[in-house]
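Chemist: First the structure, then my questions, so here it is.
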Amino acid sequence: MPRHQQVIQERFVDPPMQTPETDAKLRFGDDNRFQVELRRRVEEFFRRSGQRQRDCPQMYLKTAIILAGFTALYLLLVLAATTWWQAVPLAILLGLAAALIGFNIEHDGSHKAYSNHAWVNKLTAMTLDMVGGSSYLWRWKHVVFHHMYVNISGHDTDIDLGVFGRLDPHSKRRTFHRWQHWYLWPLYGVMAIKWHFYDDFRDLISGRMGENRFPRPRGWELALFIIGKLTFLALAFGIPLLFHPLWVVAVFYGVTTAVVGVVLSVVFQLAHCVEGTEFPLPETGTGFIARPWAVHQVESSLDFARHSRAAAWLLGGLNFQIEHHLFPRICHVNYPAISRLVEATCREFGVRYTENPTFRKAVASHYRWLRRMGMAPAAG
């Protein structure tokens, strides 16, 4: 990768803790005029407006509201609910609150977009450990590999469902995928349970995510991984078992986690695995992708419901996926303000900027994409 391209990419994407190794290193086109000009305009916007890129007061208030809601719902479910008709809605709402933690607090913290202070970013990123994931592994899987290699088969593990589903046109199609536009929706919930008890431990042991190798956690990071898993197990099972039978705890863990899995999966899929996004393959033997890196980020991502204040607040700005992939270190509360600037710059440079106007249309597009990928043959 040319040095100038590497420097520019590091300004857009969190530099990895160590240089990641891949079985086939990828290179992008060298024409960086679009990303340089876009960066200049966005930085000028913040200078003129006086808005903060990080440490935004509204983000701290939002964090307090979400964590207070999560705590209240957890206590009501564990200590107050005495009937199924009380427990079921509380479990559903608790799952939604856990998803809000992921969308808003953990996501910005992992991208170092929450604060200018490293310890604040670390602490907010670790809210993922509290709700069952590993902030260390998530940073490699999502922040490094997904953001660098978005929608590139074999390198972006966010689009890899294994044998269960086919999200990109270059992965293997199996006969039963013809029904995936029906069965994947509930399966998204089951995959969250798989993440809690299998995926993190598999990645920890193998040191691989798809084609990408990463350094296993050691020392303090390994200790935090273990502490995080124990904290989650205590919250999900240990404390509830003091008040309820095992089968009740297991059932409501399943309900809550299924909600988390479906909501997280669907929202992330609406930004990349829909009609209108690109799934390029590198040239055989060279690992070269003709598009410049920033252009690839835009054309493999898609915004949705960006005129909805409710969507922007609840989803942590993930409905502004193009802006997020170009500026992952800017707090998501700023995405609505810079989206029109990003769109105008894309139009000026001939870069395709795509959006679904509503959440409903984005869901419908994902449904059609799943059906298309399950057909034989399925073109990209």
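Starting from 1 in every chain, residues are counted up; chains themselves are A, B, ... following the order of the structure tokens, and ligands are numbered from 1 as listed.
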Would you tabulate, counting only C-alpha atoms, all residues of segment 120-156 of chain A that have an atom at most 10 Å from an atom of segment 315-338 of chain A, showing the closest pair of atoms and their distance in Å to one decimal, sorted by chain then ascending number, as a tab-separated table?

Modeler:
residue	atom	partner	partner_atom	distance
A:Val143	CA	A:Pro328	CA	8.6
A:His146	CA	A:His325	CA	9.7
A:His147	CA	A:His325	CA	6.6
A:Met148	CA	A:His325	CA	9.0
A:Val150	CA	A:His325	CA	9.1

Chemist: Using only C-alpha atoms, I'd like a table of the residues in segment 268-371 of chain A that come within 8 Å of segment 36-49 of chain A; for each, show the closest atom pair and its distance in Å rounded to one decimal, ordered by chain and ascending number, as CSV.

Modeler:
residue,atom,partner,partner_atom,distance
A:Ile338,CA,A:Val42,CA,7.0
A:Leu341,CA,A:Val42,CA,7.5
A:Val342,CA,A:Leu38,CA,7.0
A:Thr345,CA,A:Leu38,CA,6.5

Chemist: Give me the segment 173-206 of chain A side of the contact with segment 260-265 of chain A, cut-off 8 Å, one line per residue showing its nearest atom pair and distance in Å at one decimal, counting only C-alpha atoms, sorted by chain and residue number, as a tab-separated table.

Modeler:
residue	atom	partner	partner_atom	distance
A:Trp185	CA	A:Val262	CA	6.8
A:Pro186	CA	A:Val262	CA	6.8
A:Leu187	CA	A:Val262	CA	7.8
A:Tyr188	CA	A:Val262	CA	4.9
A:Gly189	CA	A:Gly261	CA	4.1
A:Val190	CA	A:Gly261	CA	6.9
A:Met191	CA	A:Gly261	CA	6.5
A:Ala192	CA	A:Gly261	CA	4.7
A:Ile193	CA	A:Gly261	CA	7.8

Chemist: Report as a PyMOL selection string: the residues of segment 140-213 of chain A with a DSSP assignment of strand (DSSP E or B), based on the backbone of this structure.

Modeler: chain A and resi 208-209+212-213

Chemist: Generate a file of the selected residues that holds C-alpha atoms, formatted as a short mmCIF file (atom, residue, chain, number, x, y, z; two decimals), in the first residue's frame.

Modeler:
data_model
loop_
_atom_site.label_atom_id
_atom_site.label_comp_id
_atom_site.auth_asym_id
_atom_site.auth_seq_id
_atom_site.Cartn_x
_atom_site.Cartn_y
_atom_site.Cartn_z
CA ARG A 208 -8.27 -15.72 13.01
CA MET A 209 -11.34 -13.99 11.62
CA ASN A 212 -7.47 -12.23 8.67
CA ARG A 213 -5.14 -13.04 11.53
#

Chemist: For segment 352-354 of chain A, list every protein, DNA or RNA residue within 12 Å, evaluated using only C-alpha atoms, and leave out those in the same chain fewer than 2 positions away; present the list as a VMD selection string.

Modeler: chain A and resid 271 to 272 274 to 278 294 to 306 319 to 323 339 to 350 356 to 357 362

Chemist: Just checking: using only C-alpha atoms, which residue out of A:Thr127, A:Thr257, A:Thr175, A:Ser153 ends up closest to Thr231 of chain A?

Modeler: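 For Thr231 of chain A, the nearest of the given residues is A:Thr127.
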
Chemist: Tell me which protein, DNA and RNA residues are within 9 Å of segment 55-65 of chain A, counting only C-alpha atoms, leaving out same-chain ones fewer than 4 positions away, and put them as a list in words.

Modeler: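 That gives Gln51, Gly69, Phe70, Ile101, Asn104, Ile105, Ala113, Tyr114, Ser115, Asn116, His117, Trp313, Cys331, His332 and Val333 of chain A.
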
Chemist: Of the candidates A:Phe243, A:Val267, A:Ile205, A:Leu167, which one gets nearest to Arg360 of chain A if we count only C-alpha atoms?

Modeler: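 Looking at the shortest contact to Arg360 of chain A, the residue is A:Val267.
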
Chemist: Please identify all polymer residues within 7 Å of His196 of chain A, counting only C-alpha atoms, omitting same-chain residues fewer than 4 positions from it, and present them as a list in words.

Modeler: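 Non-adjacent residues within range: Gly132, Gly133, Ala192 and Asp200 of chain A.
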
Chemist: List every residue of segment 58-239 of chain A that DSSP, applied to the backbone, labels as alpha helix (DSSP H), and write the result as a PDB file with C-alpha atoms, in the first residue's frame.

Modeler:
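Wrote selection06.pdb, looks like this:
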ATOM      1  CA  GLN A  58     -25.753  15.291  24.302  1.00  0.00           C
ATOM      2  CA  MET A  59     -23.856  11.995  24.058  1.00  0.00           C
ATOM      3  CA  TYR A  60     -23.161  11.924  27.794  1.00  0.00           C
ATOM      4  CA  LEU A  61     -26.837  12.652  28.506  1.00  0.00           C
ATOM      5  CA  LYS A  62     -27.879   9.944  26.064  1.00  0.00           C
ATOM      6  CA  THR A  63     -25.562   7.455  27.769  1.00  0.00           C
ATOM      7  CA  ALA A  64     -27.059   8.204  31.171  1.00  0.00           C
ATOM      8  CA  ILE A  65     -30.598   7.704  29.846  1.00  0.00           C
ATOM      9  CA  ILE A  66     -29.791   4.382  28.154  1.00  0.00           C
ATOM     10  CA  LEU A  67     -27.854   2.926  31.106  1.00  0.00           C
ATOM     11  CA  ALA A  68     -30.531   4.039  33.572  1.00  0.00           C
ATOM     12  CA  GLY A  69     -33.199   2.427  31.425  1.00  0.00           C
ATOM     13  CA  PHE A  70     -31.216  -0.803  31.123  1.00  0.00           C
ATOM     14  CA  THR A  71     -30.634  -0.943  34.899  1.00  0.00           C
ATOM     15  CA  ALA A  72     -34.275  -0.264  35.733  1.00  0.00           C
ATOM     16  CA  LEU A  73     -35.552  -2.889  33.303  1.00  0.00           C
ATOM     17  CA  TYR A  74     -33.062  -5.469  34.588  1.00  0.00           C
ATOM     18  CA  LEU A  75     -34.075  -4.910  38.203  1.00  0.00           C
ATOM     19  CA  TRP A  84     -45.204 -14.300  32.554  1.00  0.00           C
ATOM     20  CA  TRP A  85     -47.256 -11.384  31.251  1.00  0.00           C
ATOM     21  CA  GLN A  86     -45.092  -9.052  33.311  1.00  0.00           C
ATOM     22  CA  ALA A  87     -41.795 -10.767  32.485  1.00  0.00           C
ATOM     23  CA  VAL A  88     -42.189 -11.124  28.711  1.00  0.00           C
ATOM     24  CA  PRO A  89     -42.548  -7.398  27.884  1.00  0.00           C
ATOM     25  CA  LEU A  90     -39.787  -6.573  30.368  1.00  0.00           C
ATOM     26  CA  ALA A  91     -37.473  -9.113  28.703  1.00  0.00           C
ATOM     27  CA  ILE A  92     -38.246  -7.667  25.273  1.00  0.00           C
ATOM     28  CA  LEU A  93     -37.596  -4.121  26.480  1.00  0.00           C
ATOM     29  CA  LEU A  94     -34.395  -5.248  28.217  1.00  0.00           C
ATOM     30  CA  GLY A  95     -33.216  -6.739  24.934  1.00  0.00           C
ATOM     31  CA  LEU A  96     -33.936  -3.464  23.166  1.00  0.00           C
ATOM     32  CA  ALA A  97     -32.043  -1.553  25.872  1.00  0.00           C
ATOM     33  CA  ALA A  98     -29.045  -3.867  25.460  1.00  0.00           C
ATOM     34  CA  ALA A  99     -29.153  -3.220  21.711  1.00  0.00           C
ATOM     35  CA  LEU A 100     -29.191   0.535  22.405  1.00  0.00           C
ATOM     36  CA  HIS A 107     -20.005   1.445  19.172  1.00  0.00           C
ATOM     37  CA  ASP A 108     -18.727   4.998  19.613  1.00  0.00           C
ATOM     38  CA  GLY A 109     -16.329   3.887  22.332  1.00  0.00           C
ATOM     39  CA  SER A 110     -14.828   1.125  20.200  1.00  0.00           C
ATOM     40  CA  ALA A 118      -8.586   7.074  25.791  1.00  0.00           C
ATOM     41  CA  TRP A 119      -9.849   5.832  29.149  1.00  0.00           C
ATOM     42  CA  VAL A 120     -13.380   7.081  28.431  1.00  0.00           C
ATOM     43  CA  ASN A 121     -13.397   5.311  25.064  1.00  0.00           C
ATOM     44  CA  LYS A 122     -12.100   2.134  26.693  1.00  0.00           C
ATOM     45  CA  LEU A 123     -14.708   2.240  29.440  1.00  0.00           C
ATOM     46  CA  THR A 124     -17.616   2.859  27.059  1.00  0.00           C
ATOM     47  CA  ALA A 125     -16.376   0.165  24.667  1.00  0.00           C
ATOM     48  CA  THR A 127     -20.142  -1.975  27.946  1.00  0.00           C
ATOM     49  CA  LEU A 128     -20.174  -4.684  25.264  1.00  0.00           C
ATOM     50  CA  ASP A 129     -18.513  -7.082  27.723  1.00  0.00           C
ATOM     51  CA  MET A 130     -21.355  -6.401  30.164  1.00  0.00           C
ATOM     52  CA  SER A 135     -14.831  -5.457  23.253  1.00  0.00           C
ATOM     53  CA  TYR A 136     -11.318  -6.640  22.361  1.00  0.00           C
ATOM     54  CA  LEU A 137     -12.463  -9.096  19.682  1.00  0.00           C
ATOM     55  CA  TRP A 138     -15.193  -6.725  18.449  1.00  0.00           C
ATOM     56  CA  HIS A 147     -14.243  -1.043   8.247  1.00  0.00           C
ATOM     57  CA  MET A 148     -11.112  -1.646   6.198  1.00  0.00           C
ATOM     58  CA  GLN A 180     -33.181 -17.858   3.726  1.00  0.00           C
ATOM     59  CA  HIS A 181     -35.385 -14.807   3.195  1.00  0.00           C
ATOM     60  CA  TRP A 182     -37.820 -16.555   5.558  1.00  0.00           C
ATOM     61  CA  TYR A 183     -35.703 -18.421   8.103  1.00  0.00           C
ATOM     62  CA  LEU A 184     -32.817 -15.957   8.650  1.00  0.00           C
ATOM     63  CA  TRP A 185     -34.900 -13.399  10.540  1.00  0.00           C
ATOM     64  CA  PRO A 186     -35.481 -15.593  13.637  1.00  0.00           C
ATOM     65  CA  LEU A 187     -32.051 -17.174  13.169  1.00  0.00           C
ATOM     66  CA  TYR A 188     -30.459 -13.777  13.729  1.00  0.00           C
ATOM     67  CA  GLY A 189     -31.627 -14.110  17.328  1.00  0.00           C
ATOM     68  CA  VAL A 190     -30.067 -17.544  17.748  1.00  0.00           C
ATOM     69  CA  MET A 191     -26.792 -16.214  16.364  1.00  0.00           C
ATOM     70  CA  ALA A 192     -26.521 -13.830  19.321  1.00  0.00           C
ATOM     71  CA  ILE A 193     -26.510 -16.825  21.682  1.00  0.00           C
ATOM     72  CA  LYS A 194     -23.859 -18.429  19.457  1.00  0.00           C
ATOM     73  CA  ASP A 200     -15.725 -15.260  20.888  1.00  0.00           C
ATOM     74  CA  PHE A 201     -13.999 -18.362  22.259  1.00  0.00           C
ATOM     75  CA  ARG A 202     -13.380 -19.768  18.760  1.00  0.00           C
ATOM     76  CA  ASP A 203     -11.775 -16.506  17.645  1.00  0.00           C
ATOM     77  CA  LEU A 204      -9.761 -16.268  20.853  1.00  0.00           C
ATOM     78  CA  ILE A 205      -8.317 -19.755  20.374  1.00  0.00           C
ATOM     79  CA  SER A 206      -7.768 -19.616  16.599  1.00  0.00           C
ATOM     80  CA  GLY A 219      -1.954  -9.919  29.925  1.00  0.00           C
ATOM     81  CA  TRP A 220      -4.421  -7.237  30.970  1.00  0.00           C
ATOM     82  CA  GLU A 221      -6.521  -7.605  27.796  1.00  0.00           C
ATOM     83  CA  LEU A 222      -6.941 -11.340  28.452  1.00  0.00           C
ATOM     84  CA  ALA A 223      -7.865 -10.609  32.053  1.00  0.00           C
ATOM     85  CA  LEU A 224     -10.505  -8.125  30.879  1.00  0.00           C
ATOM     86  CA  PHE A 225     -11.872 -10.735  28.455  1.00  0.00           C
ATOM     87  CA  ILE A 226     -12.304 -13.239  31.308  1.00  0.00           C
ATOM     88  CA  ILE A 227     -13.715 -10.638  33.714  1.00  0.00           C
ATOM     89  CA  GLY A 228     -16.163  -9.485  31.038  1.00  0.00           C
ATOM     90  CA  LYS A 229     -17.448 -13.000  30.403  1.00  0.00           C
ATOM     91  CA  LEU A 230     -17.821 -13.669  34.124  1.00  0.00           C
ATOM     92  CA  THR A 231     -19.669 -10.370  34.612  1.00  0.00           C
ATOM     93  CA  PHE A 232     -22.066 -11.215  31.804  1.00  0.00           C
ATOM     94  CA  LEU A 233     -22.681 -14.733  33.176  1.00  0.00           C
TER      95      LEU A 233
END

Chemist: Between atom CA of Gly29 of chain A and atom CA of Ile289 of chain A, what is the distance in Å, rounded to a tenth?

Modeler: 6.3 Å
